[in-house]
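Novice: The file below is protein_22.pdb, PDB, C-alpha atoms:
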```
MODEL        1
ATOM      1  CA  MET R 296     107.993 102.662 112.123
ATOM      2  CA  GLY R 297     104.518 103.494 111.029
ATOM      3  CA  GLN R 298     101.295 102.317 112.514
ATOM      4  CA  ASN R 299     100.831  99.639 109.842
ATOM      5  CA  SER R 300     104.211  98.078 110.511
ATOM      6  CA  ASP R 301     103.451  98.039 114.260
ATOM      7  CA  SER R 302     100.219  96.194 113.549
ATOM      8  CA  ALA R 303     102.032  93.748 111.290
ATOM      9  CA  LEU R 304     104.588  93.060 114.029
ATOM     10  CA  PHE R 305     101.789  92.292 116.484
ATOM     11  CA  ILE R 306      99.981  90.019 114.030
ATOM     12  CA  VAL R 307     103.148  88.078 113.235
ATOM     13  CA  GLY R 308     103.855  87.649 116.950
ATOM     14  CA  ALA R 309     100.297  86.568 117.662
ATOM     15  CA  LYS R 310     100.301  84.014 114.845
ATOM     16  CA  MET R 311     103.494  82.224 115.901
ATOM     17  CA  PRO R 312     102.756  78.532 116.309
ATOM     18  CA  ALA R 313     102.729  77.090 119.774
ATOM     19  CA  LEU R 314     104.915  74.012 119.494
ATOM     20  CA  ASP R 315     104.211  71.094 121.752
ATOM     21  CA  TYR R 316     107.570  70.437 123.375
ATOM     22  CA  THR R 317     106.043  68.042 125.878
ATOM     23  CA  LYS R 318     104.466  65.617 123.423
ATOM     24  CA  ARG R 319     106.991  62.812 123.947
ATOM     25  CA  GLU R 320     106.877  63.130 127.731
ATOM     26  CA  THR R 321     103.077  63.323 127.754
ATOM     27  CA  LEU R 322     102.753  60.153 125.686
ATOM     28  CA  ALA R 323     105.308  58.376 127.879
ATOM     29  CA  TYR R 324     103.362  59.342 131.000
ATOM     30  CA  MET R 325     100.085  58.211 129.431
ATOM     31  CA  ARG R 326     101.609  54.826 128.583
ATOM     32  CA  GLN R 327     103.249  54.357 131.983
ATOM     33  CA  PRO R 328     102.069  56.759 134.699
ATOM     34  CA  THR R 329     105.160  56.508 136.885
ATOM     35  CA  GLN R 330     106.697  59.145 139.113
ATOM     36  CA  GLU R 331     109.768  59.382 136.858
ATOM     37  CA  ASN R 332     107.649  60.062 133.773
ATOM     38  CA  LEU R 333     105.638  62.647 135.689
ATOM     39  CA  GLU R 334     108.811  64.425 136.816
ATOM     40  CA  ALA R 335     110.156  64.366 133.257
ATOM     41  CA  LEU R 336     106.874  65.852 132.022
ATOM     42  CA  HIS R 337     106.954  68.628 134.613
ATOM     43  CA  ALA R 338     110.597  69.411 133.807
ATOM     44  CA  LYS R 339     109.782  69.667 130.105
ATOM     45  CA  GLN R 340     106.770  71.907 130.831
ATOM     46  CA  ARG R 341     108.993  74.261 132.847
ATOM     47  CA  GLU R 342     111.500  74.302 129.997
ATOM     48  CA  GLN R 343     108.716  75.123 127.533
ATOM     49  CA  GLN R 344     107.533  78.007 129.705
ATOM     50  CA  LYS R 345     111.066  79.420 129.866
ATOM     51  CA  LEU R 346     111.352  79.227 126.075
ATOM     52  CA  GLN R 347     108.027  80.999 125.618
ATOM     53  CA  TRP R 348     109.202  83.850 127.867
ATOM     54  CA  LEU R 349     112.490  83.930 125.956
ATOM     55  CA  TYR R 350     110.639  84.420 122.665
ATOM     56  CA  ALA R 351     107.913  86.728 123.987
ATOM     57  CA  SER R 352     110.172  89.153 125.868
ATOM     58  CA  PRO R 353     111.862  90.706 122.802
ATOM     59  CA  LEU R 354     108.491  91.099 121.076
ATOM     60  CA  ALA R 355     107.019  92.831 124.122
ATOM     61  CA  LEU R 356     110.079  95.070 124.398
ATOM     62  CA  ALA R 357     109.852  95.985 120.699
ATOM     63  CA  GLY R 358     106.172  96.819 121.131
ATOM     64  CA  LEU R 359     106.923  98.989 124.138
ATOM     65  CA  ILE R 360     109.721 100.801 122.329
ATOM     66  CA  CYS R 361     107.400 101.474 119.384
ATOM     67  CA  ALA R 362     104.570 102.620 121.653
ATOM     68  CA  ILE R 363     106.537 105.160 123.698
ATOM     69  CA  PRO R 364     106.950 107.720 120.873
ATOM     70  CA  LEU R 365     103.277 107.376 119.956
ATOM     71  CA  LEU R 366     102.137 107.858 123.538
ATOM     72  CA  THR R 367     104.335 110.899 124.107
ATOM     73  CA  LYS R 368     103.270 112.396 120.769
ATOM     74  CA  TYR R 369      99.532 112.112 121.418
ATOM     75  CA  ARG R 370      99.733 112.827 125.120
ATOM     76  CA  GLY R 371     101.098 116.300 124.482
ATOM     77  CA  LYS R 372      98.265 117.155 122.053
ATOM     78  CA  THR R 373      95.421 116.208 124.380
ATOM     79  CA  ARG R 374      96.390 118.520 127.240
ATOM     80  CA  VAL R 375      94.238 121.578 127.657
ATOM     81  CA  THR R 376      95.897 124.662 129.128
TER
ENDMDL
END
```
Could you render the structure as structure tokens?
Specialist:
Amino acid sequence: MGQNSDSALFIVGAKMPALDYTKRETLAYMRQPTQENLEALHAKQREQQKLQWLYASPLALAGLICAIPLLTKYRGKTRVT
């Protein structure tokens, strides 16, 4: 992969929409602030966080895999003997 494709991968990952998975639970809690609605909201927020990590982990791993050859390539050139 070239440098341009690495940049494109980062831009696509950065522009992914953040979906509001907790909208229904938030509105329910705002209508009736009960303990059950609060617990449902917190459970949904934890689920959303797990999903975000699930989607972000492969992108971070792909970025790391792409960066390792670049770092080793340029690291060897900068050493002065």
Novice: Which residues come within 9 Å of segment 321-324 of chain R, counting all atoms listed in the file, excluding same-chain residues fewer than 4 positions away, as an mmCIF file with C-alpha atoms, in the coordinates of the input?
Specialist:
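Now in selection37.cif:
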```cif
data_model
loop_
_atom_site.group_PDB
_atom_site.id
_atom_site.type_symbol
_atom_site.label_atom_id
_atom_site.label_comp_id
_atom_site.auth_asym_id
_atom_site.auth_seq_id
_atom_site.Cartn_x
_atom_site.Cartn_y
_atom_site.Cartn_z
ATOM 1 C CA THR R 317 106.043 68.042 125.878
ATOM 2 C CA PRO R 328 102.069 56.759 134.699
ATOM 3 C CA THR R 329 105.160 56.508 136.885
ATOM 4 C CA GLN R 330 106.697 59.145 139.113
ATOM 5 C CA GLU R 331 109.768 59.382 136.858
ATOM 6 C CA ASN R 332 107.649 60.062 133.773
ATOM 7 C CA LEU R 333 105.638 62.647 135.689
ATOM 8 C CA ALA R 335 110.156 64.366 133.257
ATOM 9 C CA LEU R 336 106.874 65.852 132.022
#
```
Novice: Here is a test: counting all atoms listed in the file, which residue of R:Tyr369, R:Glu320, R:Cys361, R:Asp315 is nearest to Ala338 of chain R?
Specialist: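 Smallest separation from Ala338 of chain R among the options: R:Glu320.
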Novice: If the PyMOL selection byres ((chain R and resi 316) around 8) were run on this exact file, what residues would it hold? Put them as a ChimeraX atom specification.
Specialist: /R:314-315,317-319,339-340,343
Novice: By how many Å are atom CA of Met325 of chain R and atom CA of Trp348 of chain R apart?
Specialist: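 Distance reported for this atom pair: 27.3 Å.
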Novice: What is the atom CA of Leu346 of chain R-atom CA of Arg326 of chain R distance in Å, reported with one decimal?
Specialist: 26.4 Å
Novice: What is the atom CA of Pro353 of chain R-atom CA of Lys368 of chain R distance in Å, reported with one decimal?
Specialist: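 These two atoms are separated by 23.4 Å.
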